[in-house]
Amino acid sequence: MGAGADLASAIERSLPLTKRHASDPTNLPPFRIASFELREPLPTQKKSAALPGQTTSGPLSPGSPNPTNPPAGLAPPAASTDPSRRISQDHSSLTREPVGILKANWLSKVRSRRFAAVVAFIDWDAADFKTREPEIYTAIDALKVASRNVQVALALMKKDTLVDVNEERYLLFKKRVNIDSKLIFSFLRDDVVNSTTRLESVASKMCADYFDAEIKYLKKQKERLIKSMHQKLYARNHFKIAYFSEFRNDPKTALKYYYSCYGYLKDSKKLPAEYLEFKTLADFVNFKICWLYLERGTVNDAVSHFHRHVAYFRSLVEPEREFLHLHWLSRQYRIFGELLEAFPTQISPPPRPRGWLHPGFYFQTAASLQLERGKVAERICSPQKNDPSMVALVQKVKPFSMVQIDQTKQKYVGQRFELLALDMPHPLQAAPGEAAAPTLDDSMTAAEAVRIAVAQELTVSHAELAIELLKRAQVAYELDLFALQVINPGVIADRTHLFILAQLGHLYARQDHFEKAMELLSAVSRRYRKEKWWDLLTDALTDMLYCSKKRGNAAEFVHFSLELMYKQMKSSDAAKKNIQKDLLALFRAVPGSTMPLLQQPLVVSMTFGHPLVMCQVQFETDTASVHAEVKFNVVLQVDFPDAVRFSRLKVNFTNPSHNQRLIDSEADDWTPNGLTPQQLSEFAGSASNLLFVPSKQKVFKFGFVVRDQTRIQCAAVVLEFGKKPNSLRFQWDVLNQQPNRAERRGSFSSYPGLSVSPHISGTHHHHGASSGSSSSSTTTPSVLSPSVPHSVSLGTTTPQAPPSSSNSKRPHSRNASGSKFDFLQPQRSSIEILEHEAFLEIQLDHEEPALVKEFYPIRIVLTNKHDKIIAGKLHFQNLTDHKDRCFFSTTTSDDGTSIKVPIDELDLRPIESGATDNFLIHFYPKSCDDRALKVRATYDTEKYSTHCEKVITVPVKQPLIPSFELYSSQFKLIPPVSAAAAASALASSNLADTVLLTSSTLSAPQAVNAVVGGAAEPKKLLVGEPFFLRVDIQSSVPFNLQVLKIDLLSLSGANPQVIENSSSYSPDTGAIELPKDDKYSLWFSLTPLVGGNIELGSLLVEWRRRSTLDPSPNATITKIDIPAAPVEKLTYDVSVSLPTRAFVGQPLEHEVVVRNLTDAVQDFSLAVDSGSGDDFAVAGDVELTFKIPARDSYVLRHTLLPLRIGRSPPTDILTTQEPEGPPRRVI
């Protein structure tokens, strides 16, 4: 019993009993006993962790004994009174090999049945005290030997006055009981509060003395052990010392002995049958170590120890009970995650650092281990689960619990777990005829123990355990996300958080919690699509497909099936083909599929350039004349995993009378059985079917005659699989949708999602099939334009002239083996019907490619093949960017110079029949990108007005590829600081995609010594030291460029960073021809003025192209930013002065000056070598250290004596800036 409430309640229980017997002195008990048990830490001890098997209020709360078993009573605790017998028993246990490590009843005995201190309450004023005095002495003597090292105190109860310690009666009593006078005190009934306070102080001191005595006893026991032979006993001994040290509020000693105990557990020899025992104890000891580390704030020590703990015990596996090992591993991670949550201030408040310091990592790992445990259990346990005897055993066992300790069924902690599984009463508690659980002495074979473990495992829901752990991980990461969103509302979940949500969704789906699964998986799949994490998206979509199938949601099932068939998805080809088979089975009977037929059409709204089913519509011309044939093409490519045959192809126009339909009447009964891939490909190339094989395009050609002047617009294309009452319809809304710019560039950030909706029947509409044809009616989806079939038959690939009685044209299919069609190009989905056909031919002459920021010449040649053109206009349009005014014409200013003016149109000059005219315009691109340019001519003749147009695509490139290198004044290559710095600088010049980074530019920084002059050259730029910049310029175009001038634009300003020593370069002999793949090099001399990462400026290159279209092209200036360069600032300078010549035998003076260039005192060391061989003799200090004040200098003089003739350096001087500066050599 500790201090406080337990102590007060013991006192209160004694008082009523005394009062009850006050009227009858003969019945008054001579004393009351209050025993202070080893149940809780001392009042100053912090919260302690629970040992496995003890009741806890939470996962990390300290264990507490059963409060229903207090040690109250009038009789002293029963125990052996023969100390020699106890010592003999203890000694014998030390000399034999132990059966286990820690006895199962030790903790309970220490905390509940062994007393740390006993207080006997004696009624000092009792009338019969004298007559019962021998009984009191006997009871006190028994208390002193009731337990080893027990502390006994006597509380002499009086009414209101203290016991007189000088009274003869007190002195005789004290002598007889032989107890220290500090442990004999008065307890006043009229002053219970103060008396109880004193009692608490005495009891705390007694308990502390008891713990110290127990620790000394255990250390004395350890002296009789041999470490190499008794490692288990060492582990037991150190565990007990650490456990008692915690109650002494001595965490340092506790940690020391727990760590030592853990080491003995690791080093002990282990048999496979003992693995579970060792892991159970190591689990608890590791918990204690990590708790104590975290309690004192050494988080990294706790993390390191935990991972060493898991790494070692991960290998202790019993193959037949491997699932228990994985359960143990999962428990380790879960408990450590809870520990980190219990000490949030020791790490950091949310958002917490990722990795090993985040609780979510451990909960997620624990969940993964539970799932792995489920797989292992499926492999080991599933073959036995249908065995009748196993079914009966499963009904009897309780779930496995690694933290349970049952003293009636276990002798040692971690042993005989199979006995705890049997849900049967103990033999002493079993009713007559009732089966009882085996006792400790009952034998059980290893096979029987494994069967019990298998039965226990069959009762476990691994998915539910994993879900709970993942939910805890989700909460841990969401706390960080909320904290980050307070700072920056735009922060979104990271990959780790998303993966946990995906795992939760997967488990919810497998546990039939479909709504929860869809909510989580829908959220993560959006991010996975955007970030193009195809592997993760495949897994998420597979789970969503499973949920939609189980929920019976056909629209969702179609949506996810189509998306899972993308080429980017990481499912196997066989899996994709099964998905296709199940999808098509909803709308048409497919052999081998169990999917029920769906009695409802579904419409899939598609986008152009979709990766699964691609469609493009194209009128062959922009204009046509009345009564002429209008040709229209539909290009389709279906990239299903396997061949698929559709039933219908419909093309709807804004005028329903022009609608077209193609029906494959044999599609519904077709199967690919027996056809080889080559046969399928050949069959799909035929124009008589709607069969598609992967990666093969088919072009369907339609033709019809229009009798009125109007504009015809394609409204929709529908590709239909199946037939009424159910069908799957892929619909492209051509009228309101065109491939956007990102699609044309092929830069999808994510593949577009699908919009799948049920078919809604519309009303009946009546439209004429053609001019003069009879009307008809049909029922179609309201989202589609009503379609009326024409008299269209399947024909060959060669267009045929329409019969005179029909205004429609037979559709034709081009074999997919022909040229590929680009589905991401702009569509020509409309055509203008003119009253008269245009007979003006437009020819656009230009020399590809166009170059960034140049006036790109385009010559327009117009040829009139009919009546004379009397007036008209040319219109210019950039189809890639309609807002960009990028067309220019050349005009002459008032001063006679040619200037470029922007234009949108030009006036046509009259053109006679059969004559030609030409115009020169310029296109000005601002960045690299392909441009679609359109020239449209509208003109009038004396009889009619009409127009025509021409579209070209012009690629745009950068003209020059620059590279840079830095050299010292001695022409030694200087490596840059890093490739990242160079790339960053080049990016600002808009040349990141064309700048050539040389090997020197990409080389890593080297930590080399700073050098001045002589044998070794500098490897870094230094302030005030000139260096050379080499620039290489290479043409990127297939024709010659003329380089007119190259300027180095240095960053001069108020505080210049670099001075240009050389002037800009301008050829004296005219322009320099720069052929393709040739380089032009030039050098600049620069001097840095400041240190750090300095900007070297920009290069301005003036150039022009050699063009046959434009005889006088304008010059273009391209600005290229030079990458920044690192410059070191010198902290000191060294100079040497000596004569230029000397004579053998004649002394000469040699002076070295070291200057401090900083504002602080510096320490230097200097060493002088007399040069190579015996050329000179040196007189003076050759090695010394010295200090130089700020901005001061130090002069060192030597006398040199030449010993032989020749040319050689007289000295080799090495200076070093202390304490760790790089040496600098002067020769």
# chains A, B, ... in the order shown; residues from 1 in each chain; ligands from 1
>>> select_by_dssp(residues="region 549-617 of chain A", states="strand (DSSP E)", output="list in words")
Leu602, Val603, Val604, Ser605, Met606, Val613, Met614, Cys615, Gln616 and Val617 of chain A
>>> residues_around(residues="region 840-851 of chain A", least_positions_apart="2", cutoff="9 Å", atoms="only C-alpha atoms", output="PDB file with C-alpha atoms, in the first residue's frame")
ATOM      1  CA  ALA A 838     -13.398  28.465-105.193  1.00  0.00           C
ATOM      2  CA  LYS A 853      11.885  35.957 -81.829  1.00  0.00           C
ATOM      3  CA  GLU A 854      12.793  36.192 -85.494  1.00  0.00           C
ATOM      4  CA  PHE A 855      10.669  37.520 -88.320  1.00  0.00           C
ATOM      5  CA  TYR A 856      10.054  34.235 -90.096  1.00  0.00           C
ATOM      6  CA  PRO A 857       9.373  34.863 -93.839  1.00  0.00           C
ATOM      7  CA  ILE A 858       6.373  33.189 -95.478  1.00  0.00           C
ATOM      8  CA  ARG A 859       5.716  33.822 -99.177  1.00  0.00           C
ATOM      9  CA  ILE A 860       2.068  33.475-100.274  1.00  0.00           C
ATOM     10  CA  VAL A 861       1.592  32.521-103.942  1.00  0.00           C
ATOM     11  CA  LEU A 862      -1.967  32.858-105.295  1.00  0.00           C
ATOM     12  CA  THR A 863      -2.920  31.207-108.620  1.00  0.00           C
ATOM     13  CA  ASN A 864      -6.247  32.134-110.197  1.00  0.00           C
ATOM     14  CA  LYS A 865      -7.711  29.230-112.237  1.00  0.00           C
ATOM     15  CA  HIS A 866     -11.070  30.789-113.166  1.00  0.00           C
ATOM     16  CA  PHE A 923       5.564  35.345 -88.609  1.00  0.00           C
ATOM     17  CA  TYR A 924       7.033  36.313 -85.186  1.00  0.00           C
ATOM     18  CA  PRO A 925       7.110  33.423 -82.625  1.00  0.00           C
ATOM     19  CA  LYS A 926       7.880  34.281 -78.996  1.00  0.00           C
ATOM     20  CA  SER A 927       8.613  30.788 -77.652  1.00  0.00           C
ATOM     21  CA  CYS A 928       9.338  27.236 -78.714  1.00  0.00           C
ATOM     22  CA  VAL A 935      -4.345  31.915 -94.433  1.00  0.00           C
ATOM     23  CA  ARG A 936      -7.882  32.579 -95.721  1.00  0.00           C
ATOM     24  CA  ALA A 937      -8.664  34.302 -99.021  1.00  0.00           C
ATOM     25  CA  HIS A 947     -13.375  32.055-100.381  1.00  0.00           C
ATOM     26  CA  CYS A 948     -10.722  29.413 -99.723  1.00  0.00           C
ATOM     27  CA  GLU A 949      -8.044  28.806 -97.056  1.00  0.00           C
ATOM     28  CA  LYS A 950      -4.774  27.014 -96.335  1.00  0.00           C
ATOM     29  CA  VAL A 951      -3.419  25.733 -92.986  1.00  0.00           C
ATOM     30  CA  ILE A 952       0.230  24.914 -92.268  1.00  0.00           C
ATOM     31  CA  VAL A 954       5.336  25.572 -88.432  1.00  0.00           C
ATOM     32  CA  PRO A 955       7.791  24.135 -85.862  1.00  0.00           C
ATOM     33  CA  VAL A 956       9.581  26.735 -83.714  1.00  0.00           C
ATOM     34  CA  LYS A 957      13.047  26.166 -82.242  1.00  0.00           C
ATOM     35  CA  GLN A 958      15.776  28.047 -80.409  1.00  0.00           C
ATOM     36  CA  PRO A 959      18.445  29.193 -82.870  1.00  0.00           C
ATOM     37  CA  VAL A1037      19.032  24.656 -87.393  1.00  0.00           C
ATOM     38  CA  PRO A1038      19.678  22.810 -90.680  1.00  0.00           C
ATOM     39  CA  SER A1107      16.950  33.006 -96.732  1.00  0.00           C
ATOM     40  CA  THR A1108      15.989  32.851-100.392  1.00  0.00           C
ATOM     41  CA  LEU A1109      12.482  34.087 -99.557  1.00  0.00           C
TER      42      LEU A1109
END
>>> atom_distance(atom1="CA of Gly355 (chain A)", atom2="CA of Gly337 (chain A)")
11.9 Å
>>> select_by_dssp(residues="region 513-676 of chain A", states="alpha helix (DSSP H)", output="PyMOL selection string")
chain A and resi 514-531+534-551+554-564+573-585
>>> closest_residue(among="A:Arg331, A:Lys159, A:Arg729, A:Arg451", to="Asp190 (chain A)", atoms="only C-alpha atoms")
A:Lys159
>>> atom_distance(atom1="CA of Lys1079 (chain A)", atom2="CA of Gln970 (chain A)")
23.5 Å
